[in-house]
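Colleague: Please see the structure below; I have some questions.
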Amino acid sequence: MTALLCRLPTLHLTHASFSLSRRLLSRPARPPTVSLLGEEYPTDDVTNVTSSIAEKLGRDLHRQPAHPLGIIRALIETHFAGFTAISDVSPVVTPALNFDDLGFPADHPGRALSDSYYINRGLMLRTHTSAHEVETFRAGERKWLLSADVYRRDEIDASHYPVFHQMEGARVFSNDKAGLQELTNDTARLAAELERANIEIEDIPHISSTNPVQPEHDPQTSALVAHHLKLSLNSLILKLFGGHGASTEPVRVRWIEAYFPFTSPSYEVEVFYRGKWLEILGCGVVKQSTLDRANVPNSISWAFGLGLERLAMFLFSIPDIRLFWSQDERFLSQFSPGRVTTFKPYSKYPPNSRDISFWLSASGMHDNDFCDVVRDTVGDIAESVEMIDHFIHPKTGRSSKCFRINYRSMDKSLTDEEANTLHQQVASRVREKFGVEIRD
Ligand code: DAH
């Protein structure tokens with residue numbers, strides 16, 4: 001049986017073997033605690049942090065000066081002179097900090113167990129660096145950058161990984177004569193700088209009926225803050241995308257109206273790079289309720305959030321997001337502090353794909369649950385997971401799914417035998433965890 005399975009590209013288990021294993025295997029009991037950064041946290045019915053995720057806490061890739069993420073972080077920190085740089089805040093937060101305090105509605109999909117990692121009902125892993133806005137404003141910071149690891153349950157492919165890094169930035173102005181003078185002066189300085197630069201900006205009005213001024217704000221002040229925000233970020237983008245290579249092409253930036261629960265007006269920014277528009281950040285004028293909650297009176301602020309992997313993948317030409325986690329010297333030795341260089345691929349081992357199909361059990365299984373089991377079983381060897389078939393039996397209404405898993409190591413060649421073994425381990429973990437029936 002095992003030998004036969006090893007040779008088949010698709011994992012086929014018979015119903016007979018399934019019912020046998022069903023009797024032998026009971027669902028694994030939940031451990032009473034989960035250990036994160038050396039601390040034990042009690043688990044409960046919502047706990048969904050896996051051990052492969054727990055291992056990522058404390059890796060702090062963004063704090064390594066010769067790592068692409070650390071290099072991008074340092075570049076941005078240098079650009080925003082005079083801003084306080086924060087980079088050591090624990091990812092364990094309350095759902096209130098991550099969602100409620102930022103105005104996320106109770107039914108926002110980001111809160112779902114299928115999308116976020118929960119330690120228990122009262123604690124989760126932050127899904128974005130905005131989770132620290134209130135605390136940072138409350139601490140009295142008025143110009144700050146906060147970079148950190150963030151966690152989201154997601155699909156598996158070359159640009160999605162359940163842990164990635166973001167940087168949040170904000171600047172607070174006093175809403176009085178002196179503050180507005182500072183805003184006006186700095187706006188003029190930035191505008192003059194950009195006037196001389198090789199940059200082409202497609203802009204939209206700061207404010208529109210679908211992207212409104214907050215009722216608490218004076219429209220003129222809000223427009224001034226939004227203008228300063230746009231200039232600040234255009235100047236950052238020029239620094240990141242303008243300085244490398246001998247190109248005489250202008251840096252092209254496009255501003256787009258957006259929606260975030262914690263800003264209004266809100267924007268997204270895209271950069272034209274190697275023939276494509278790439279979305280790189282979200283930003284806006286901070287909701288006054290956030291500043292109120294943080295006890296910052298008579299002030300107005302802008303904020304932005306950007307993904308460090310996304311920027312680093314473009315700027316260093318890193319083709320796969322898993323590479324950031326590599327401890328292979330052939331990866332790490334390519335980078336040095338303060339330098340944006342082009343990554344030279346050192347391996348191109350062939351991928352090994354295997355399909356698995358199963359009938360879903362009554363309790364169901366989210367695609368992200370499946371992806372987490374794959375990662376927890378085989379780690380970064382899972383290059384991608386793609387749902388290739390979803391079948392609903394016309395008579396019985398039973399539903400089945402087929403996933404294609406691409407196994408490919410970044411560092412070595414994988415034999416067929418090894419891929420088969422990994423695939424069988426995935427199948428038995430899926431069966432054990434979700435009680436699904438593997439299809440033949
Ligand atoms: N937190 C947002 C995200 O993860 C990004 C973002 C948008 C941050 C707007 C901000 C902001 O500070 O103002 O998608």
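The way I read the labels, and the way they are meant: chains A, B, ... in the order of the structure tokens, residue 1 as the first residue of every chain, and ligand 1 as the first ligand shown, with later ones counted on from there.
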Near Val172 of chain A, within 8 Å and counting only C-alpha atoms, which residues show up once chain neighbours fewer than 2 positions away are dropped, as a list in words?
Modeller: Arg142, Lys143, Ala170, Ser174, Ser299, Ile300, Ser301 and Trp302 of chain A
Colleague: Please report, as number ranges by chain, each residue of segment 131-179 of chain A to which DSSP assigns strand (DSSP E) when run on this structure's backbone.
Modeller: A: 143-151, 163-174
Colleague: Can you spit out the residues from that selection as an mmCIF file, in the first residue's frame, using N, CA, C and O atoms?
Modeller:
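Done, and the output landed in part19.cif:
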```cif
data_model
loop_
_atom_site.group_PDB
_atom_site.id
_atom_site.type_symbol
_atom_site.label_atom_id
_atom_site.label_comp_id
_atom_site.auth_asym_id
_atom_site.auth_seq_id
_atom_site.Cartn_x
_atom_site.Cartn_y
_atom_site.Cartn_z
ATOM 1 N N LYS A 143 6.147 62.363 15.584
ATOM 2 C CA LYS A 143 6.692 61.983 14.272
ATOM 3 C C LYS A 143 7.297 60.615 14.493
ATOM 4 O O LYS A 143 8.325 60.519 15.167
ATOM 5 N N TRP A 144 6.677 59.584 13.987
ATOM 6 C CA TRP A 144 7.208 58.257 14.317
ATOM 7 C C TRP A 144 7.065 57.263 13.179
ATOM 8 O O TRP A 144 6.209 57.391 12.310
ATOM 9 N N LEU A 145 7.945 56.263 13.222
ATOM 10 C CA LEU A 145 7.920 55.140 12.293
ATOM 11 C C LEU A 145 7.962 53.886 13.147
ATOM 12 O O LEU A 145 8.783 53.804 14.066
ATOM 13 N N LEU A 146 7.089 52.932 12.867
ATOM 14 C CA LEU A 146 7.090 51.703 13.660
ATOM 15 C C LEU A 146 7.115 50.520 12.698
ATOM 16 O O LEU A 146 6.219 50.385 11.857
ATOM 17 N N SER A 147 8.160 49.725 12.781
ATOM 18 C CA SER A 147 8.211 48.568 11.880
ATOM 19 C C SER A 147 8.130 47.294 12.693
ATOM 20 O O SER A 147 8.632 47.216 13.817
ATOM 21 N N ALA A 148 7.474 46.278 12.107
ATOM 22 C CA ALA A 148 7.205 45.067 12.869
ATOM 23 C C ALA A 148 6.731 43.949 11.963
ATOM 24 O O ALA A 148 6.308 44.172 10.832
ATOM 25 N N ASP A 149 6.783 42.734 12.536
ATOM 26 C CA ASP A 149 6.233 41.554 11.878
ATOM 27 C C ASP A 149 4.719 41.538 12.081
ATOM 28 O O ASP A 149 4.236 41.836 13.174
ATOM 29 N N VAL A 150 3.961 41.194 11.041
ATOM 30 C CA VAL A 150 2.504 41.115 11.146
ATOM 31 C C VAL A 150 2.065 39.755 10.608
ATOM 32 O O VAL A 150 2.796 39.118 9.848
ATOM 33 N N TYR A 151 0.892 39.309 11.028
ATOM 34 C CA TYR A 151 0.487 37.920 10.808
ATOM 35 C C TYR A 151 -0.907 37.855 10.187
ATOM 36 O O TYR A 151 -1.837 38.459 10.718
ATOM 37 N N VAL A 163 3.445 35.441 7.591
ATOM 38 C CA VAL A 163 4.134 36.458 8.392
ATOM 39 C C VAL A 163 4.811 37.394 7.411
ATOM 40 O O VAL A 163 5.506 36.935 6.504
ATOM 41 N N PHE A 164 4.614 38.674 7.580
ATOM 42 C CA PHE A 164 5.373 39.620 6.775
ATOM 43 C C PHE A 164 5.630 40.869 7.617
ATOM 44 O O PHE A 164 5.353 40.858 8.820
ATOM 45 N N HIS A 165 6.207 41.885 7.025
ATOM 46 C CA HIS A 165 6.621 43.045 7.828
ATOM 47 C C HIS A 165 6.037 44.323 7.255
ATOM 48 O O HIS A 165 5.992 44.490 6.033
ATOM 49 N N GLN A 166 5.598 45.170 8.143
ATOM 50 C CA GLN A 166 5.061 46.457 7.709
ATOM 51 C C GLN A 166 5.778 47.581 8.436
ATOM 52 O O GLN A 166 6.360 47.377 9.506
ATOM 53 N N MET A 167 5.677 48.767 7.841
ATOM 54 C CA MET A 167 6.107 49.954 8.568
ATOM 55 C C MET A 167 4.948 50.945 8.583
ATOM 56 O O MET A 167 4.328 51.196 7.560
ATOM 57 N N GLU A 168 4.680 51.435 9.774
ATOM 58 C CA GLU A 168 3.653 52.449 9.955
ATOM 59 C C GLU A 168 4.377 53.765 10.195
ATOM 60 O O GLU A 168 5.401 53.796 10.894
ATOM 61 N N GLY A 169 3.877 54.838 9.635
ATOM 62 C CA GLY A 169 4.487 56.137 9.899
ATOM 63 C C GLY A 169 3.392 57.142 10.178
ATOM 64 O O GLY A 169 2.284 57.020 9.647
ATOM 65 N N ALA A 170 3.674 58.110 11.049
ATOM 66 C CA ALA A 170 2.656 59.131 11.315
ATOM 67 C C ALA A 170 3.322 60.436 11.684
ATOM 68 O O ALA A 170 4.460 60.464 12.188
ATOM 69 N N ARG A 171 2.611 61.512 11.402
ATOM 70 C CA ARG A 171 3.089 62.828 11.842
ATOM 71 C C ARG A 171 1.911 63.638 12.352
ATOM 72 O O ARG A 171 0.889 63.774 11.668
ATOM 73 N N VAL A 172 2.076 64.151 13.562
ATOM 74 C CA VAL A 172 1.019 64.924 14.221
ATOM 75 C C VAL A 172 1.370 66.407 14.152
ATOM 76 O O VAL A 172 2.522 66.780 14.386
ATOM 77 N N PHE A 173 0.383 67.232 13.836
ATOM 78 C CA PHE A 173 0.559 68.691 13.865
ATOM 79 C C PHE A 173 -0.403 69.278 14.886
ATOM 80 O O PHE A 173 -1.549 68.822 14.991
ATOM 81 N N SER A 174 0.036 70.295 15.587
ATOM 82 C CA SER A 174 -0.889 70.993 16.492
ATOM 83 C C SER A 174 -1.889 71.737 15.633
ATOM 84 O O SER A 174 -1.513 72.351 14.632
#
```
Colleague: Residues of segment 91-165 of chain A classed as alpha helix (DSSP H) by DSSP on the backbone are to be reported as a list in words.
Modeller: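 Filtering segment 91-165 of chain A down to alpha helix (DSSP H) leaves Pro95, Ala96, Leu97, Asn98, Glu133, Val134, Glu135, Thr136, Phe137 and Arg138 of chain A.
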Colleague: Per residue of segment 108-156 of chain A within 9 Å of segment 370-382 of chain A, note the shortest atom pair and the distance in Å to one decimal, counting only C-alpha atoms, and order the rows by chain and increasing residue number, as a tab-separated table.
Modeller:
```
residue	atom	partner	partner_atom	distance
A:Arg153	CA	A:Asp372	CA	7.7
A:Asp154	CA	A:Cys371	CA	7.5
A:Glu155	CA	A:Cys371	CA	6.3
A:Ile156	CA	A:Cys371	CA	6.7
```
Colleague: Do you have, as JSON lines, the list of residues of chain A lying at most 9 Å from ligand 1, each with its nearest atom pair and that distance in Å to one decimal, counting only C-alpha atoms and all ligand atoms and ordered by chain then number?
Modeller:
```
{"residue": "A:Thr127", "atom": "CA", "partner": "ligand 1", "partner_atom_place_in_ligand_line": "4 (O)", "distance": 7.1}
{"residue": "A:His128", "atom": "CA", "partner": "ligand 1", "partner_atom_place_in_ligand_line": "4 (O)", "distance": 4.7}
{"residue": "A:Thr129", "atom": "CA", "partner": "ligand 1", "partner_atom_place_in_ligand_line": "1 (N)", "distance": 6.2}
{"residue": "A:Ser130", "atom": "CA", "partner": "ligand 1", "partner_atom_place_in_ligand_line": "1 (N)", "distance": 5.0}
{"residue": "A:Ala131", "atom": "CA", "partner": "ligand 1", "partner_atom_place_in_ligand_line": "1 (N)", "distance": 7.9}
{"residue": "A:Glu133", "atom": "CA", "partner": "ligand 1", "partner_atom_place_in_ligand_line": "12 (O)", "distance": 7.9}
{"residue": "A:Val150", "atom": "CA", "partner": "ligand 1", "partner_atom_place_in_ligand_line": "4 (O)", "distance": 8.9}
{"residue": "A:Gln166", "atom": "CA", "partner": "ligand 1", "partner_atom_place_in_ligand_line": "4 (O)", "distance": 7.7}
{"residue": "A:Met167", "atom": "CA", "partner": "ligand 1", "partner_atom_place_in_ligand_line": "8 (C)", "distance": 8.4}
{"residue": "A:Glu168", "atom": "CA", "partner": "ligand 1", "partner_atom_place_in_ligand_line": "12 (O)", "distance": 5.6}
{"residue": "A:Gly169", "atom": "CA", "partner": "ligand 1", "partner_atom_place_in_ligand_line": "12 (O)", "distance": 6.5}
{"residue": "A:Ala170", "atom": "CA", "partner": "ligand 1", "partner_atom_place_in_ligand_line": "12 (O)", "distance": 7.1}
{"residue": "A:Ala258", "atom": "CA", "partner": "ligand 1", "partner_atom_place_in_ligand_line": "9 (C)", "distance": 8.7}
{"residue": "A:Tyr259", "atom": "CA", "partner": "ligand 1", "partner_atom_place_in_ligand_line": "9 (C)", "distance": 8.1}
{"residue": "A:Phe260", "atom": "CA", "partner": "ligand 1", "partner_atom_place_in_ligand_line": "9 (C)", "distance": 5.9}
{"residue": "A:Pro261", "atom": "CA", "partner": "ligand 1", "partner_atom_place_in_ligand_line": "9 (C)", "distance": 8.5}
{"residue": "A:Phe262", "atom": "CA", "partner": "ligand 1", "partner_atom_place_in_ligand_line": "13 (O)", "distance": 6.8}
{"residue": "A:Thr263", "atom": "CA", "partner": "ligand 1", "partner_atom_place_in_ligand_line": "13 (O)", "distance": 5.6}
{"residue": "A:Ser264", "atom": "CA", "partner": "ligand 1", "partner_atom_place_in_ligand_line": "13 (O)", "distance": 8.5}
{"residue": "A:Ser266", "atom": "CA", "partner": "ligand 1", "partner_atom_place_in_ligand_line": "9 (C)", "distance": 6.7}
{"residue": "A:Tyr267", "atom": "CA", "partner": "ligand 1", "partner_atom_place_in_ligand_line": "9 (C)", "distance": 7.3}
{"residue": "A:Glu268", "atom": "CA", "partner": "ligand 1", "partner_atom_place_in_ligand_line": "7 (C)", "distance": 7.8}
{"residue": "A:Leu281", "atom": "CA", "partner": "ligand 1", "partner_atom_place_in_ligand_line": "5 (C)", "distance": 6.6}
{"residue": "A:Gly282", "atom": "CA", "partner": "ligand 1", "partner_atom_place_in_ligand_line": "7 (C)", "distance": 3.8}
{"residue": "A:Cys283", "atom": "CA", "partner": "ligand 1", "partner_atom_place_in_ligand_line": "13 (O)", "distance": 3.5}
{"residue": "A:Gly284", "atom": "CA", "partner": "ligand 1", "partner_atom_place_in_ligand_line": "13 (O)", "distance": 4.5}
{"residue": "A:Val285", "atom": "CA", "partner": "ligand 1", "partner_atom_place_in_ligand_line": "13 (O)", "distance": 6.7}
{"residue": "A:Val286", "atom": "CA", "partner": "ligand 1", "partner_atom_place_in_ligand_line": "13 (O)", "distance": 6.4}
{"residue": "A:Trp302", "atom": "CA", "partner": "ligand 1", "partner_atom_place_in_ligand_line": "13 (O)", "distance": 6.8}
{"residue": "A:Ala303", "atom": "CA", "partner": "ligand 1", "partner_atom_place_in_ligand_line": "12 (O)", "distance": 4.3}
{"residue": "A:Phe304", "atom": "CA", "partner": "ligand 1", "partner_atom_place_in_ligand_line": "12 (O)", "distance": 3.6}
{"residue": "A:Gly305", "atom": "CA", "partner": "ligand 1", "partner_atom_place_in_ligand_line": "8 (C)", "distance": 3.5}
{"residue": "A:Leu306", "atom": "CA", "partner": "ligand 1", "partner_atom_place_in_ligand_line": "5 (C)", "distance": 6.3}
{"residue": "A:Gly307", "atom": "CA", "partner": "ligand 1", "partner_atom_place_in_ligand_line": "4 (O)", "distance": 7.9}
```
Colleague: Residues as selected, N, CA, C and O atoms, written as a tab-separated table (two decimals), in the first residue's frame, can you do that?
Modeller:
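New file again07.tsv:
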```
chain	number	residue	atom	x	y	z
A	127	THR	N	-2.40	42.02	12.93
A	127	THR	CA	-2.49	41.79	11.49
A	127	THR	C	-1.92	42.97	10.71
A	127	THR	O	-1.76	42.90	9.51
A	128	HIS	N	-1.65	44.05	11.41
A	128	HIS	CA	-1.04	45.23	10.77
A	128	HIS	C	-0.40	46.11	11.85
A	128	HIS	O	-0.76	46.03	13.03
A	129	THR	N	0.52	46.96	11.41
A	129	THR	CA	1.21	47.83	12.38
A	129	THR	C	0.30	48.95	12.87
A	129	THR	O	0.61	49.59	13.89
A	130	SER	N	-0.82	49.18	12.19
A	130	SER	CA	-1.77	50.20	12.67
A	130	SER	C	-2.26	49.86	14.07
A	130	SER	O	-2.75	50.74	14.79
A	131	ALA	N	-2.14	48.59	14.47
A	131	ALA	CA	-2.56	48.17	15.81
A	131	ALA	C	-1.86	48.98	16.91
A	131	ALA	O	-2.31	49.01	18.04
A	133	GLU	N	-1.10	52.29	16.65
A	133	GLU	CA	-1.29	53.75	16.50
A	133	GLU	C	-1.69	54.40	17.82
A	133	GLU	O	-1.07	55.39	18.24
A	150	VAL	N	3.96	41.19	11.04
A	150	VAL	CA	2.50	41.11	11.15
A	150	VAL	C	2.07	39.75	10.61
A	150	VAL	O	2.80	39.12	9.85
A	166	GLN	N	5.60	45.17	8.14
A	166	GLN	CA	5.06	46.46	7.71
A	166	GLN	C	5.78	47.58	8.44
A	166	GLN	O	6.36	47.38	9.51
A	167	MET	N	5.68	48.77	7.84
A	167	MET	CA	6.11	49.95	8.57
A	167	MET	C	4.95	50.95	8.58
A	167	MET	O	4.33	51.20	7.56
A	168	GLU	N	4.68	51.43	9.77
A	168	GLU	CA	3.65	52.45	9.96
A	168	GLU	C	4.38	53.76	10.20
A	168	GLU	O	5.40	53.80	10.89
A	169	GLY	N	3.88	54.84	9.63
A	169	GLY	CA	4.49	56.14	9.90
A	169	GLY	C	3.39	57.14	10.18
A	169	GLY	O	2.28	57.02	9.65
A	170	ALA	N	3.67	58.11	11.05
A	170	ALA	CA	2.66	59.13	11.32
A	170	ALA	C	3.32	60.44	11.68
A	170	ALA	O	4.46	60.46	12.19
A	258	ALA	N	-9.02	55.62	-1.64
A	258	ALA	CA	-9.14	54.33	-0.95
A	258	ALA	C	-10.08	54.46	0.24
A	258	ALA	O	-10.58	55.55	0.53
A	259	TYR	N	-10.29	53.35	0.91
A	259	TYR	CA	-11.07	53.39	2.14
A	259	TYR	C	-10.36	52.59	3.23
A	259	TYR	O	-9.97	51.44	3.00
A	260	PHE	N	-10.15	53.17	4.37
A	260	PHE	CA	-9.69	52.45	5.56
A	260	PHE	C	-10.55	52.94	6.72
A	260	PHE	O	-10.91	54.13	6.77
A	261	PRO	N	-10.88	52.04	7.66
A	261	PRO	CA	-11.78	52.46	8.74
A	261	PRO	C	-11.17	53.55	9.63
A	261	PRO	O	-11.89	54.22	10.36
A	262	PHE	N	-9.83	53.70	9.58
A	262	PHE	CA	-9.18	54.58	10.55
A	262	PHE	C	-8.61	55.86	9.94
A	262	PHE	O	-7.84	56.57	10.60
A	263	THR	N	-8.95	56.14	8.67
A	263	THR	CA	-8.50	57.40	8.05
A	263	THR	C	-9.61	57.96	7.16
A	263	THR	O	-10.42	57.21	6.63
A	264	SER	N	-9.62	59.27	7.01
A	264	SER	CA	-10.49	59.90	6.01
A	264	SER	C	-10.02	61.33	5.83
A	264	SER	O	-9.87	62.05	6.82
A	266	SER	N	-8.70	58.91	2.54
A	266	SER	CA	-7.72	57.81	2.49
A	266	SER	C	-7.23	57.63	1.05
A	266	SER	O	-7.98	57.89	0.11
A	267	TYR	N	-6.01	57.12	0.93
A	267	TYR	CA	-5.43	56.93	-0.41
A	267	TYR	C	-4.60	55.66	-0.46
A	267	TYR	O	-4.11	55.18	0.55
A	268	GLU	N	-4.42	55.18	-1.70
A	268	GLU	CA	-3.41	54.16	-1.97
A	268	GLU	C	-2.46	54.73	-3.00
A	268	GLU	O	-2.84	55.60	-3.79
A	281	LEU	N	1.46	51.25	-0.86
A	281	LEU	CA	1.10	51.66	0.50
A	281	LEU	C	-0.32	52.20	0.60
A	281	LEU	O	-0.95	52.52	-0.41
A	282	GLY	N	-0.79	52.28	1.84
A	282	GLY	CA	-2.08	52.89	2.16
A	282	GLY	C	-1.83	54.03	3.14
A	282	GLY	O	-0.89	53.97	3.93
A	283	CYS	N	-2.67	55.06	3.07
A	283	CYS	CA	-2.43	56.20	3.97
A	283	CYS	C	-3.67	57.08	4.07
A	283	CYS	O	-4.66	56.86	3.37
A	284	GLY	N	-3.60	58.10	4.91
A	284	GLY	CA	-4.72	59.03	5.00
A	284	GLY	C	-4.60	59.96	6.19
A	284	GLY	O	-3.61	59.94	6.93
A	285	VAL	N	-5.63	60.77	6.35
A	285	VAL	CA	-5.71	61.67	7.50
A	285	VAL	C	-6.35	60.86	8.65
A	285	VAL	O	-7.43	60.31	8.49
A	286	VAL	N	-5.64	60.78	9.75
A	286	VAL	CA	-6.04	59.92	10.87
A	286	VAL	C	-7.41	60.33	11.41
A	286	VAL	O	-7.68	61.53	11.61
A	302	TRP	N	-1.46	62.77	9.95
A	302	TRP	CA	-1.55	61.81	8.85
A	302	TRP	C	-0.84	60.53	9.26
A	302	TRP	O	-0.03	60.54	10.21
A	303	ALA	N	-1.14	59.44	8.53
A	303	ALA	CA	-0.46	58.17	8.79
A	303	ALA	C	-0.37	57.38	7.49
A	303	ALA	O	-1.15	57.59	6.57
A	304	PHE	N	0.62	56.49	7.45
A	304	PHE	CA	0.70	55.56	6.31
A	304	PHE	C	1.15	54.20	6.79
A	304	PHE	O	1.69	54.06	7.90
A	305	GLY	N	0.90	53.17	5.97
A	305	GLY	CA	1.39	51.84	6.27
A	305	GLY	C	1.88	51.20	4.99
A	305	GLY	O	1.19	51.27	3.96
A	306	LEU	N	3.08	50.63	5.03
A	306	LEU	CA	3.59	49.98	3.82
A	306	LEU	C	4.16	48.61	4.13
A	306	LEU	O	4.56	48.32	5.25
A	307	GLY	N	4.20	47.75	3.11
A	307	GLY	CA	4.70	46.39	3.26
A	307	GLY	C	6.17	46.33	2.89
A	307	GLY	O	6.55	46.67	1.77
```
Colleague: Compare A:Arg339, A:Arg330, A:Arg189, A:Arg121 by their minimum atom-to-atom distance to Ala66 of chain A, counting only C-alpha atoms, and give me the closest one.
Modeller: A:Arg339
Colleague: With distances taken over only C-alpha atoms, which of A:Pro68, A:Glu432, A:Thr78, A:Asn48 is nearest to Ser326 of chain A?
Modeller: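 Counting only C-alpha atoms, the residue closest to Ser326 of chain A is A:Pro68.
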Colleague: Near segment 351-360 of chain A, within 6 Å and counting only C-alpha atoms, which residues show up once chain neighbours fewer than 5 positions away are dropped, as a ChimeraX atom specification?
Modeller: /A:9-11,399-408,436-439
